[in-house]
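Asker: Structure supplied as target.pdb; contents: PDB, N, CA and C atoms.
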ATOM      1  N   MET A   1     112.722 115.692 134.611  1.00  0.00           N
ATOM      2  CA  MET A   1     112.118 114.546 133.984  1.00  0.00           C
ATOM      3  C   MET A   1     110.671 114.909 133.638  1.00  0.00           C
ATOM      4  N   ASN A   2     110.245 114.509 132.442  1.00  0.00           N
ATOM      5  CA  ASN A   2     108.871 114.707 132.002  1.00  0.00           C
ATOM      6  C   ASN A   2     108.135 113.374 132.015  1.00  0.00           C
ATOM      7  N   VAL A   3     106.969 113.375 132.586  1.00  0.00           N
ATOM      8  CA  VAL A   3     106.149 112.169 132.622  1.00  0.00           C
ATOM      9  C   VAL A   3     104.813 112.509 131.976  1.00  0.00           C
ATOM     10  N   GLU A   4     104.449 111.740 130.984  1.00  0.00           N
ATOM     11  CA  GLU A   4     103.162 111.932 130.326  1.00  0.00           C
ATOM     12  C   GLU A   4     102.248 110.772 130.688  1.00  0.00           C
ATOM     13  N   LYS A   5     101.080 111.116 131.157  1.00  0.00           N
ATOM     14  CA  LYS A   5     100.097 110.086 131.466  1.00  0.00           C
ATOM     15  C   LYS A   5      99.123 110.033 130.300  1.00  0.00           C
ATOM     16  N   LYS A   6      98.994 108.867 129.682  1.00  0.00           N
ATOM     17  CA  LYS A   6      98.123 108.714 128.530  1.00  0.00           C
ATOM     18  C   LYS A   6      96.987 107.752 128.858  1.00  0.00           C
ATOM     19  N   THR A   7      95.847 108.073 128.312  1.00  0.00           N
ATOM     20  CA  THR A   7      94.683 107.230 128.515  1.00  0.00           C
ATOM     21  C   THR A   7      94.262 106.649 127.174  1.00  0.00           C
ATOM     22  N   TYR A   8      94.043 105.361 127.163  1.00  0.00           N
ATOM     23  CA  TYR A   8      93.654 104.680 125.941  1.00  0.00           C
ATOM     24  C   TYR A   8      92.312 103.998 126.128  1.00  0.00           C
ATOM     25  N   GLN A   9      91.681 103.704 125.007  1.00  0.00           N
ATOM     26  CA  GLN A   9      90.462 102.911 125.048  1.00  0.00           C
ATOM     27  C   GLN A   9      90.686 101.637 124.243  1.00  0.00           C
ATOM     28  N   LYS A  10      90.131 100.571 124.716  1.00  0.00           N
ATOM     29  CA  LYS A  10      90.208  99.277 124.041  1.00  0.00           C
ATOM     30  C   LYS A  10      88.874  99.043 123.355  1.00  0.00           C
ATOM     31  N   ILE A  11      88.930  98.753 122.054  1.00  0.00           N
ATOM     32  CA  ILE A  11      87.714  98.543 121.273  1.00  0.00           C
ATOM     33  C   ILE A  11      87.721  97.117 120.745  1.00  0.00           C
ATOM     34  N   THR A  12      86.634  96.404 120.979  1.00  0.00           N
ATOM     35  CA  THR A  12      86.491  95.030 120.497  1.00  0.00           C
ATOM     36  C   THR A  12      85.136  94.894 119.799  1.00  0.00           C
ATOM     37  N   PRO A  13      85.032  93.925 118.880  1.00  0.00           N
ATOM     38  CA  PRO A  13      83.747  93.720 118.209  1.00  0.00           C
ATOM     39  C   PRO A  13      82.696  93.178 119.183  1.00  0.00           C
ATOM     40  N   ASP A  14      81.421  93.470 118.899  1.00  0.00           N
ATOM     41  CA  ASP A  14      80.332  92.897 119.695  1.00  0.00           C
ATOM     42  C   ASP A  14      80.318  91.380 119.559  1.00  0.00           C
ATOM     43  N   ASN A  15      80.552  90.919 118.338  1.00  0.00           N
ATOM     44  CA  ASN A  15      80.631  89.488 118.063  1.00  0.00           C
ATOM     45  C   ASN A  15      82.108  89.103 118.015  1.00  0.00           C
ATOM     46  N   PRO A  16      82.580  88.200 118.852  1.00  0.00           N
ATOM     47  CA  PRO A  16      84.007  87.861 118.907  1.00  0.00           C
ATOM     48  C   PRO A  16      84.572  87.302 117.598  1.00  0.00           C
ATOM     49  N   ASP A  17      83.703  86.824 116.700  1.00  0.00           N
ATOM     50  CA  ASP A  17      84.178  86.304 115.406  1.00  0.00           C
ATOM     51  C   ASP A  17      84.414  87.415 114.389  1.00  0.00           C
ATOM     52  N   ASN A  18      83.934  88.612 114.665  1.00  0.00           N
ATOM     53  CA  ASN A  18      84.049  89.720 113.722  1.00  0.00           C
ATOM     54  C   ASN A  18      85.377  90.464 113.853  1.00  0.00           C
ATOM     55  N   TYR A  19      85.578  91.388 112.913  1.00  0.00           N
ATOM     56  CA  TYR A  19      86.784  92.211 112.868  1.00  0.00           C
ATOM     57  C   TYR A  19      86.400  93.679 112.930  1.00  0.00           C
ATOM     58  N   LEU A  20      87.378  94.510 113.260  1.00  0.00           N
ATOM     59  CA  LEU A  20      87.216  95.962 113.272  1.00  0.00           C
ATOM     60  C   LEU A  20      88.076  96.550 112.163  1.00  0.00           C
ATOM     61  N   THR A  21      87.527  97.542 111.472  1.00  0.00           N
ATOM     62  CA  THR A  21      88.294  98.186 110.413  1.00  0.00           C
ATOM     63  C   THR A  21      87.863  99.643 110.264  1.00  0.00           C
ATOM     64  N   THR A  22      88.755 100.456 109.742  1.00  0.00           N
ATOM     65  CA  THR A  22      88.429 101.826 109.373  1.00  0.00           C
ATOM     66  C   THR A  22      88.324 101.943 107.852  1.00  0.00           C
ATOM     67  N   TYR A  23      88.500 100.821 107.167  1.00  0.00           N
ATOM     68  CA  TYR A  23      88.445 100.796 105.702  1.00  0.00           C
ATOM     69  C   TYR A  23      87.048 101.155 105.212  1.00  0.00           C
ATOM     70  N   LYS A  24      86.999 102.016 104.169  1.00  0.00           N
ATOM     71  CA  LYS A  24      85.751 102.358 103.498  1.00  0.00           C
ATOM     72  C   LYS A  24      85.861 101.874 102.056  1.00  0.00           C
ATOM     73  N   TYR A  25      84.760 101.519 101.442  1.00  0.00           N
ATOM     74  CA  TYR A  25      84.794 100.990 100.083  1.00  0.00           C
ATOM     75  C   TYR A  25      85.338 101.985  99.072  1.00  0.00           C
ATOM     76  N   SER A  26      85.366 103.254  99.405  1.00  0.00           N
ATOM     77  CA  SER A  26      85.950 104.259  98.512  1.00  0.00           C
ATOM     78  C   SER A  26      87.479 104.321  98.642  1.00  0.00           C
ATOM     79  N   ASP A  27      88.035 103.647  99.651  1.00  0.00           N
ATOM     80  CA  ASP A  27      89.489 103.618  99.856  1.00  0.00           C
ATOM     81  C   ASP A  27      90.146 102.652  98.876  1.00  0.00           C
ATOM     82  N   ASP A  28      91.442 102.817  98.702  1.00  0.00           N
ATOM     83  CA  ASP A  28      92.239 101.884  97.906  1.00  0.00           C
ATOM     84  C   ASP A  28      92.280 100.545  98.652  1.00  0.00           C
ATOM     85  N   ILE A  29      91.870  99.474  97.991  1.00  0.00           N
ATOM     86  CA  ILE A  29      91.792  98.159  98.640  1.00  0.00           C
ATOM     87  C   ILE A  29      93.163  97.692  99.134  1.00  0.00           C
ATOM     88  N   SER A  30      94.227  98.164  98.527  1.00  0.00           N
ATOM     89  CA  SER A  30      95.556  97.729  98.967  1.00  0.00           C
ATOM     90  C   SER A  30      95.891  98.247 100.365  1.00  0.00           C
ATOM     91  N   THR A  31      95.121  99.216 100.864  1.00  0.00           N
ATOM     92  CA  THR A  31      95.352  99.752 102.209  1.00  0.00           C
ATOM     93  C   THR A  31      94.475  99.069 103.259  1.00  0.00           C
ATOM     94  N   TYR A  32      93.681  98.088 102.843  1.00  0.00           N
ATOM     95  CA  TYR A  32      92.760  97.423 103.770  1.00  0.00           C
ATOM     96  C   TYR A  32      93.516  96.737 104.908  1.00  0.00           C
ATOM     97  N   GLU A  33      92.982  96.894 106.100  1.00  0.00           N
ATOM     98  CA  GLU A  33      93.455  96.137 107.256  1.00  0.00           C
ATOM     99  C   GLU A  33      92.316  96.045 108.259  1.00  0.00           C
ATOM    100  N   ALA A  34      92.334  94.970 109.018  1.00  0.00           N
ATOM    101  CA  ALA A  34      91.311  94.749 110.038  1.00  0.00           C
ATOM    102  C   ALA A  34      91.956  94.014 111.205  1.00  0.00           C
ATOM    103  N   VAL A  35      91.406  94.230 112.379  1.00  0.00           N
ATOM    104  CA  VAL A  35      91.960  93.631 113.590  1.00  0.00           C
ATOM    105  C   VAL A  35      90.826  93.156 114.497  1.00  0.00           C
ATOM    106  N   LYS A  36      91.182  92.328 115.451  1.00  0.00           N
ATOM    107  CA  LYS A  36      90.226  91.843 116.443  1.00  0.00           C
ATOM    108  C   LYS A  36      90.090  92.804 117.622  1.00  0.00           C
ATOM    109  N   VAL A  37      91.152  93.566 117.912  1.00  0.00           N
ATOM    110  CA  VAL A  37      91.168  94.503 119.045  1.00  0.00           C
ATOM    111  C   VAL A  37      91.908  95.761 118.608  1.00  0.00           C
ATOM    112  N   MET A  38      91.363  96.916 118.966  1.00  0.00           N
ATOM    113  CA  MET A  38      92.035  98.195 118.709  1.00  0.00           C
ATOM    114  C   MET A  38      92.269  98.902 120.030  1.00  0.00           C
ATOM    115  N   TYR A  39      93.428  99.483 120.154  1.00  0.00           N
ATOM    116  CA  TYR A  39      93.737 100.370 121.274  1.00  0.00           C
ATOM    117  C   TYR A  39      93.931 101.752 120.671  1.00  0.00           C
ATOM    118  N   THR A  40      93.133 102.704 121.116  1.00  0.00           N
ATOM    119  CA  THR A  40      93.190 104.044 120.553  1.00  0.00           C
ATOM    120  C   THR A  40      93.285 105.066 121.685  1.00  0.00           C
ATOM    121  N   PRO A  41      93.786 106.257 121.373  1.00  0.00           N
ATOM    122  CA  PRO A  41      93.765 107.316 122.384  1.00  0.00           C
ATOM    123  C   PRO A  41      92.319 107.592 122.802  1.00  0.00           C
ATOM    124  N   SER A  42      92.136 108.050 123.995  1.00  0.00           N
ATOM    125  CA  SER A  42      90.785 108.255 124.522  1.00  0.00           C
ATOM    126  C   SER A  42      89.983 109.256 123.705  1.00  0.00           C
ATOM    127  N   GLU A  43      90.641 110.207 123.046  1.00  0.00           N
ATOM    128  CA  GLU A  43      89.919 111.200 122.257  1.00  0.00           C
ATOM    129  C   GLU A  43      89.705 110.776 120.803  1.00  0.00           C
ATOM    130  N   PHE A  44      90.092 109.564 120.451  1.00  0.00           N
ATOM    131  CA  PHE A  44      89.924 109.051 119.091  1.00  0.00           C
ATOM    132  C   PHE A  44      88.446 108.931 118.741  1.00  0.00           C
ATOM    133  N   ASP A  45      88.086 109.351 117.534  1.00  0.00           N
ATOM    134  CA  ASP A  45      86.695 109.279 117.074  1.00  0.00           C
ATOM    135  C   ASP A  45      86.391 107.857 116.608  1.00  0.00           C
ATOM    136  N   PHE A  46      85.826 107.063 117.489  1.00  0.00           N
ATOM    137  CA  PHE A  46      85.593 105.661 117.150  1.00  0.00           C
ATOM    138  C   PHE A  46      84.428 105.464 116.185  1.00  0.00           C
ATOM    139  N   SER A  47      83.755 106.531 115.791  1.00  0.00           N
ATOM    140  CA  SER A  47      82.696 106.402 114.788  1.00  0.00           C
ATOM    141  C   SER A  47      83.270 106.061 113.416  1.00  0.00           C
ATOM    142  N   THR A  48      84.583 106.200 113.257  1.00  0.00           N
ATOM    143  CA  THR A  48      85.226 105.841 111.986  1.00  0.00           C
ATOM    144  C   THR A  48      85.502 104.341 111.888  1.00  0.00           C
ATOM    145  N   ILE A  49      85.282 103.623 112.976  1.00  0.00           N
ATOM    146  CA  ILE A  49      85.532 102.183 113.016  1.00  0.00           C
ATOM    147  C   ILE A  49      84.223 101.449 112.773  1.00  0.00           C
ATOM    148  N   ARG A  50      84.300 100.398 111.970  1.00  0.00           N
ATOM    149  CA  ARG A  50      83.108  99.579 111.785  1.00  0.00           C
ATOM    150  C   ARG A  50      83.454  98.116 111.995  1.00  0.00           C
ATOM    151  N   GLU A  51      82.448  97.369 112.345  1.00  0.00           N
ATOM    152  CA  GLU A  51      82.594  95.941 112.600  1.00  0.00           C
ATOM    153  C   GLU A  51      82.168  95.179 111.344  1.00  0.00           C
ATOM    154  N   ILE A  52      83.000  94.225 110.923  1.00  0.00           N
ATOM    155  CA  ILE A  52      82.670  93.426 109.744  1.00  0.00           C
ATOM    156  C   ILE A  52      82.733  91.942 110.094  1.00  0.00           C
ATOM    157  N   SER A  53      82.007  91.148 109.331  1.00  0.00           N
ATOM    158  CA  SER A  53      81.958  89.708 109.564  1.00  0.00           C
ATOM    159  C   SER A  53      83.230  89.033 109.046  1.00  0.00           C
ATOM    160  N   GLN A  54      83.418  87.811 109.459  1.00  0.00           N
ATOM    161  CA  GLN A  54      84.545  87.006 108.975  1.00  0.00           C
ATOM    162  C   GLN A  54      84.468  86.864 107.445  1.00  0.00           C
ATOM    163  N   GLU A  55      83.259  86.674 106.919  1.00  0.00           N
ATOM    164  CA  GLU A  55      83.067  86.516 105.479  1.00  0.00           C
ATOM    165  C   GLU A  55      83.465  87.780 104.719  1.00  0.00           C
ATOM    166  N   GLU A  56      83.031  88.942 105.216  1.00  0.00           N
ATOM    167  CA  GLU A  56      83.397  90.198 104.571  1.00  0.00           C
ATOM    168  C   GLU A  56      84.905  90.423 104.662  1.00  0.00           C
ATOM    169  N   HIS A  57      85.482  90.094 105.790  1.00  0.00           N
ATOM    170  CA  HIS A  57      86.931  90.219 105.963  1.00  0.00           C
ATOM    171  C   HIS A  57      87.666  89.361 104.931  1.00  0.00           C
ATOM    172  N   ASN A  58      87.233  88.106 104.775  1.00  0.00           N
ATOM    173  CA  ASN A  58      87.876  87.215 103.804  1.00  0.00           C
ATOM    174  C   ASN A  58      87.721  87.733 102.376  1.00  0.00           C
ATOM    175  N   LEU A  59      86.550  88.269 102.041  1.00  0.00           N
ATOM    176  CA  LEU A  59      86.316  88.832 100.717  1.00  0.00           C
ATOM    177  C   LEU A  59      87.239  90.021 100.463  1.00  0.00           C
ATOM    178  N   LEU A  60      87.361  90.909 101.443  1.00  0.00           N
ATOM    179  CA  LEU A  60      88.230  92.075 101.292  1.00  0.00           C
ATOM    180  C   LEU A  60      89.701  91.666 101.200  1.00  0.00           C
ATOM    181  N   LEU A  61      90.100  90.650 101.947  1.00  0.00           N
ATOM    182  CA  LEU A  61      91.477  90.153 101.840  1.00  0.00           C
ATOM    183  C   LEU A  61      91.744  89.594 100.455  1.00  0.00           C
ATOM    184  N   SER A  62      90.773  88.886  99.905  1.00  0.00           N
ATOM    185  CA  SER A  62      90.916  88.323  98.558  1.00  0.00           C
ATOM    186  C   SER A  62      91.041  89.437  97.519  1.00  0.00           C
ATOM    187  N   LYS A  63      90.204  90.470  97.635  1.00  0.00           N
ATOM    188  CA  LYS A  63      90.284  91.607  96.717  1.00  0.00           C
ATOM    189  C   LYS A  63      91.618  92.332  96.864  1.00  0.00           C
ATOM    190  N   GLN A  64      92.088  92.437  98.089  1.00  0.00           N
ATOM    191  CA  GLN A  64      93.369  93.095  98.335  1.00  0.00           C
ATOM    192  C   GLN A  64      94.502  92.303  97.685  1.00  0.00           C
ATOM    193  N   GLU A  65      94.480  91.002  97.857  1.00  0.00           N
ATOM    194  CA  GLU A  65      95.521  90.148  97.267  1.00  0.00           C
ATOM    195  C   GLU A  65      95.529  90.282  95.743  1.00  0.00           C
ATOM    196  N   THR A  66      94.355  90.281  95.136  1.00  0.00           N
ATOM    197  CA  THR A  66      94.258  90.434  93.683  1.00  0.00           C
ATOM    198  C   THR A  66      94.824  91.783  93.239  1.00  0.00           C
ATOM    199  N   ALA A  67      94.469  92.843  93.943  1.00  0.00           N
ATOM    200  CA  ALA A  67      94.961  94.175  93.608  1.00  0.00           C
ATOM    201  C   ALA A  67      96.474  94.262  93.758  1.00  0.00           C
ATOM    202  N   LEU A  68      97.007  93.677  94.821  1.00  0.00           N
ATOM    203  CA  LEU A  68      98.455  93.722  95.037  1.00  0.00           C
ATOM    204  C   LEU A  68      99.198  92.900  93.985  1.00  0.00           C
ATOM    205  N   GLN A  69      98.648  91.769  93.609  1.00  0.00           N
ATOM    206  CA  GLN A  69      99.258  90.963  92.541  1.00  0.00           C
ATOM    207  C   GLN A  69      99.250  91.725  91.231  1.00  0.00           C
ATOM    208  N   HIS A  70      98.174  92.439  90.953  1.00  0.00           N
ATOM    209  CA  HIS A  70      98.061  93.241  89.727  1.00  0.00           C
ATOM    210  C   HIS A  70      99.104  94.349  89.741  1.00  0.00           C
ATOM    211  N   GLN A  71      99.329  94.969  90.889  1.00  0.00           N
ATOM    212  CA  GLN A  71     100.327  96.038  91.006  1.00  0.00           C
ATOM    213  C   GLN A  71     101.739  95.498  90.765  1.00  0.00           C
ATOM    214  N   ILE A  72     101.998  94.287  91.224  1.00  0.00           N
ATOM    215  CA  ILE A  72     103.324  93.683  91.065  1.00  0.00           C
ATOM    216  C   ILE A  72     103.591  93.421  89.583  1.00  0.00           C
ATOM    217  N   LYS A  73     102.569  92.981  88.848  1.00  0.00           N
ATOM    218  CA  LYS A  73     102.733  92.666  87.426  1.00  0.00           C
ATOM    219  C   LYS A  73     102.946  93.893  86.565  1.00  0.00           C
ATOM    220  N   GLU A  74     102.515  95.051  87.040  1.00  0.00           N
ATOM    221  CA  GLU A  74     102.646  96.282  86.234  1.00  0.00           C
ATOM    222  C   GLU A  74     104.033  96.840  86.283  1.00  0.00           C
TER     223      GLU A  74
END
As structure tokens, how would this structure be written, given the file I've shared?
Answerer:
Amino acid sequence: MNVEKKTYQKITPDNPDNYLTTYKYSDDISTYEAVKVMYTPSEFDFSTIREISQEEHNLLLSKQETALQHQIKE
């Protein structure tokens, strides 16, 4: 029997109303996602994660919806 012990880190925003994302403005908006809590392997480079406000999250969701609707029409 093989047993693997894994260690994870839990990442949460400093402000509980904010979100965490790895999305960059140079990325395709249709790939945008954000969460309130991330669980990552202990060796994960958390410098790729940024905290965004509720307002920025809503704006990015709106842009994503528009982009996805445009893709459906094509």
Asker: Run the PyMOL selection byres ((chain A and resi 33) around 6.5) on the file and write out the hits as a ChimeraX atom specification.
Answerer: /A:20-23,31-32,34-35
Asker: Can you list, as a CSV table (one decimal) with N, CA and C atoms, in the coordinates of the input, all residues belonging to chain A that DSSP tags as helix (DSSP H, G or I)?
Answerer:
chain,number,residue,atom,x,y,z
A,29,ILE,N,91.9,99.5,98.0
A,29,ILE,CA,91.8,98.2,98.6
A,29,ILE,C,93.2,97.7,99.1
A,30,SER,N,94.2,98.2,98.5
A,30,SER,CA,95.6,97.7,99.0
A,30,SER,C,95.9,98.2,100.4
A,31,THR,N,95.1,99.2,100.9
A,31,THR,CA,95.4,99.8,102.2
A,31,THR,C,94.5,99.1,103.3
A,46,PHE,N,85.8,107.1,117.5
A,46,PHE,CA,85.6,105.7,117.2
A,46,PHE,C,84.4,105.5,116.2
A,47,SER,N,83.8,106.5,115.8
A,47,SER,CA,82.7,106.4,114.8
A,47,SER,C,83.3,106.1,113.4
A,48,THR,N,84.6,106.2,113.3
A,48,THR,CA,85.2,105.8,112.0
A,48,THR,C,85.5,104.3,111.9
A,54,GLN,N,83.4,87.8,109.5
A,54,GLN,CA,84.5,87.0,109.0
A,54,GLN,C,84.5,86.9,107.4
A,55,GLU,N,83.3,86.7,106.9
A,55,GLU,CA,83.1,86.5,105.5
A,55,GLU,C,83.5,87.8,104.7
A,56,GLU,N,83.0,88.9,105.2
A,56,GLU,CA,83.4,90.2,104.6
A,56,GLU,C,84.9,90.4,104.7
A,57,HIS,N,85.5,90.1,105.8
A,57,HIS,CA,86.9,90.2,106.0
A,57,HIS,C,87.7,89.4,104.9
A,58,ASN,N,87.2,88.1,104.8
A,58,ASN,CA,87.9,87.2,103.8
A,58,ASN,C,87.7,87.7,102.4
A,59,LEU,N,86.6,88.3,102.0
A,59,LEU,CA,86.3,88.8,100.7
A,59,LEU,C,87.2,90.0,100.5
A,60,LEU,N,87.4,90.9,101.4
A,60,LEU,CA,88.2,92.1,101.3
A,60,LEU,C,89.7,91.7,101.2
A,61,LEU,N,90.1,90.6,101.9
A,61,LEU,CA,91.5,90.2,101.8
A,61,LEU,C,91.7,89.6,100.5
A,62,SER,N,90.8,88.9,99.9
A,62,SER,CA,90.9,88.3,98.6
A,62,SER,C,91.0,89.4,97.5
A,63,LYS,N,90.2,90.5,97.6
A,63,LYS,CA,90.3,91.6,96.7
A,63,LYS,C,91.6,92.3,96.9
A,64,GLN,N,92.1,92.4,98.1
A,64,GLN,CA,93.4,93.1,98.3
A,64,GLN,C,94.5,92.3,97.7
A,65,GLU,N,94.5,91.0,97.9
A,65,GLU,CA,95.5,90.1,97.3
A,65,GLU,C,95.5,90.3,95.7
A,66,THR,N,94.4,90.3,95.1
A,66,THR,CA,94.3,90.4,93.7
A,66,THR,C,94.8,91.8,93.2
A,67,ALA,N,94.5,92.8,93.9
A,67,ALA,CA,95.0,94.2,93.6
A,67,ALA,C,96.5,94.3,93.8
A,68,LEU,N,97.0,93.7,94.8
A,68,LEU,CA,98.5,93.7,95.0
A,68,LEU,C,99.2,92.9,94.0
A,69,GLN,N,98.6,91.8,93.6
A,69,GLN,CA,99.3,91.0,92.5
A,69,GLN,C,99.2,91.7,91.2
A,70,HIS,N,98.2,92.4,91.0
A,70,HIS,CA,98.1,93.2,89.7
A,70,HIS,C,99.1,94.3,89.7
A,71,GLN,N,99.3,95.0,90.9
A,71,GLN,CA,100.3,96.0,91.0
A,71,GLN,C,101.7,95.5,90.8
A,72,ILE,N,102.0,94.3,91.2
A,72,ILE,CA,103.3,93.7,91.1
A,72,ILE,C,103.6,93.4,89.6
A,73,LYS,N,102.6,93.0,88.8
A,73,LYS,CA,102.7,92.7,87.4
A,73,LYS,C,102.9,93.9,86.6
Asker: So how far away is CA of Ser30 (chain A) from CA of Ser53 (chain A), in Å?
Answerer: 19.0 Å
Asker: Can you turn the PyMOL selection byres ((chain A and resi 6-8) around 6) into a concrete residue list for this file, as a ChimeraX atom specification?
Answerer: /A:4-5,9-10,40-42
Asker: Would you mind reading off the distance between atom N of Lys63 (chain A) and atom C of Asp45 (chain A), one decimal, in Å?
Answerer: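 Atom N of Lys63 (chain A) sits 26.0 Å away from atom C of Asp45 (chain A).
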Asker: Have a look at atom C of Glu43 (chain A) and CA of Ile29 (chain A) and let me know their distance in Å, one decimal.
Answerer: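 Distance reported for this atom pair: 25.6 Å.
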Asker: Quick one: of A:Tyr39, A:Asp28, A:Arg50, A:Pro16, who's nearest to Gln64 (chain A), counting all atoms listed in the file?
Answerer: A:Asp28
Asker: Written as an mmCIF file with N, CA and C atoms, keeping the file's coordinate frame, which residues does the PyMOL selection byres ((chain A and resi 18) around 6) give for the file shown?
Answerer:
data_model
loop_
_atom_site.group_PDB
_atom_site.id
_atom_site.type_symbol
_atom_site.label_atom_id
_atom_site.label_comp_id
_atom_site.auth_asym_id
_atom_site.auth_seq_id
_atom_site.Cartn_x
_atom_site.Cartn_y
_atom_site.Cartn_z
ATOM 1 N N PRO A 13 85.032 93.925 118.880
ATOM 2 C CA PRO A 13 83.747 93.720 118.209
ATOM 3 C C PRO A 13 82.696 93.178 119.183
ATOM 4 N N ASN A 15 80.552 90.919 118.338
ATOM 5 C CA ASN A 15 80.631 89.488 118.063
ATOM 6 C C ASN A 15 82.108 89.103 118.015
ATOM 7 N N PRO A 16 82.580 88.200 118.852
ATOM 8 C CA PRO A 16 84.007 87.861 118.907
ATOM 9 C C PRO A 16 84.572 87.302 117.598
ATOM 10 N N ASP A 17 83.703 86.824 116.700
ATOM 11 C CA ASP A 17 84.178 86.304 115.406
ATOM 12 C C ASP A 17 84.414 87.415 114.389
ATOM 13 N N TYR A 19 85.578 91.388 112.913
ATOM 14 C CA TYR A 19 86.784 92.211 112.868
ATOM 15 C C TYR A 19 86.400 93.679 112.930
ATOM 16 N N LEU A 20 87.378 94.510 113.260
ATOM 17 C CA LEU A 20 87.216 95.962 113.272
ATOM 18 C C LEU A 20 88.076 96.550 112.163
ATOM 19 N N LYS A 36 91.182 92.328 115.451
ATOM 20 C CA LYS A 36 90.226 91.843 116.443
ATOM 21 C C LYS A 36 90.090 92.804 117.622
ATOM 22 N N ILE A 52 83.000 94.225 110.923
ATOM 23 C CA ILE A 52 82.670 93.426 109.744
ATOM 24 C C ILE A 52 82.733 91.942 110.094
ATOM 25 N N SER A 53 82.007 91.148 109.331
ATOM 26 C CA SER A 53 81.958 89.708 109.564
ATOM 27 C C SER A 53 83.230 89.033 109.046
ATOM 28 N N GLN A 54 83.418 87.811 109.459
ATOM 29 C CA GLN A 54 84.545 87.006 108.975
ATOM 30 C C GLN A 54 84.468 86.864 107.445
#
Asker: Given 3 Å of margin on each side, can you work out the centre and size in Å (one decimal) of an axis-aligned box holding every listed atom of region 5-10 of chain A, as JSON?
Answerer:
{"center_x": 95.0, "center_y": 105.1, "center_z": 127.4, "size_x": 18.2, "size_y": 18.1, "size_z": 14.1}
Asker: Measuring atom to atom with only C-alpha atoms, identify which of A:Asp27, A:Glu51, A:Glu65, A:Glu74 is nearest to Thr12 (chain A).
Answerer: A:Glu51
Asker: Given only C-alpha atoms as the basis, pick out the residue of A:Met38, A:Phe44, A:Ile72, A:Tyr25 nearest to Leu60 (chain A).
Answerer: A:Tyr25
Asker: In chain A, what's strand (DSSP E or B) per DSSP? Answer as a ChimeraX atom specification?
Answerer: /A:8-11,19-21,35,38-41,50-52
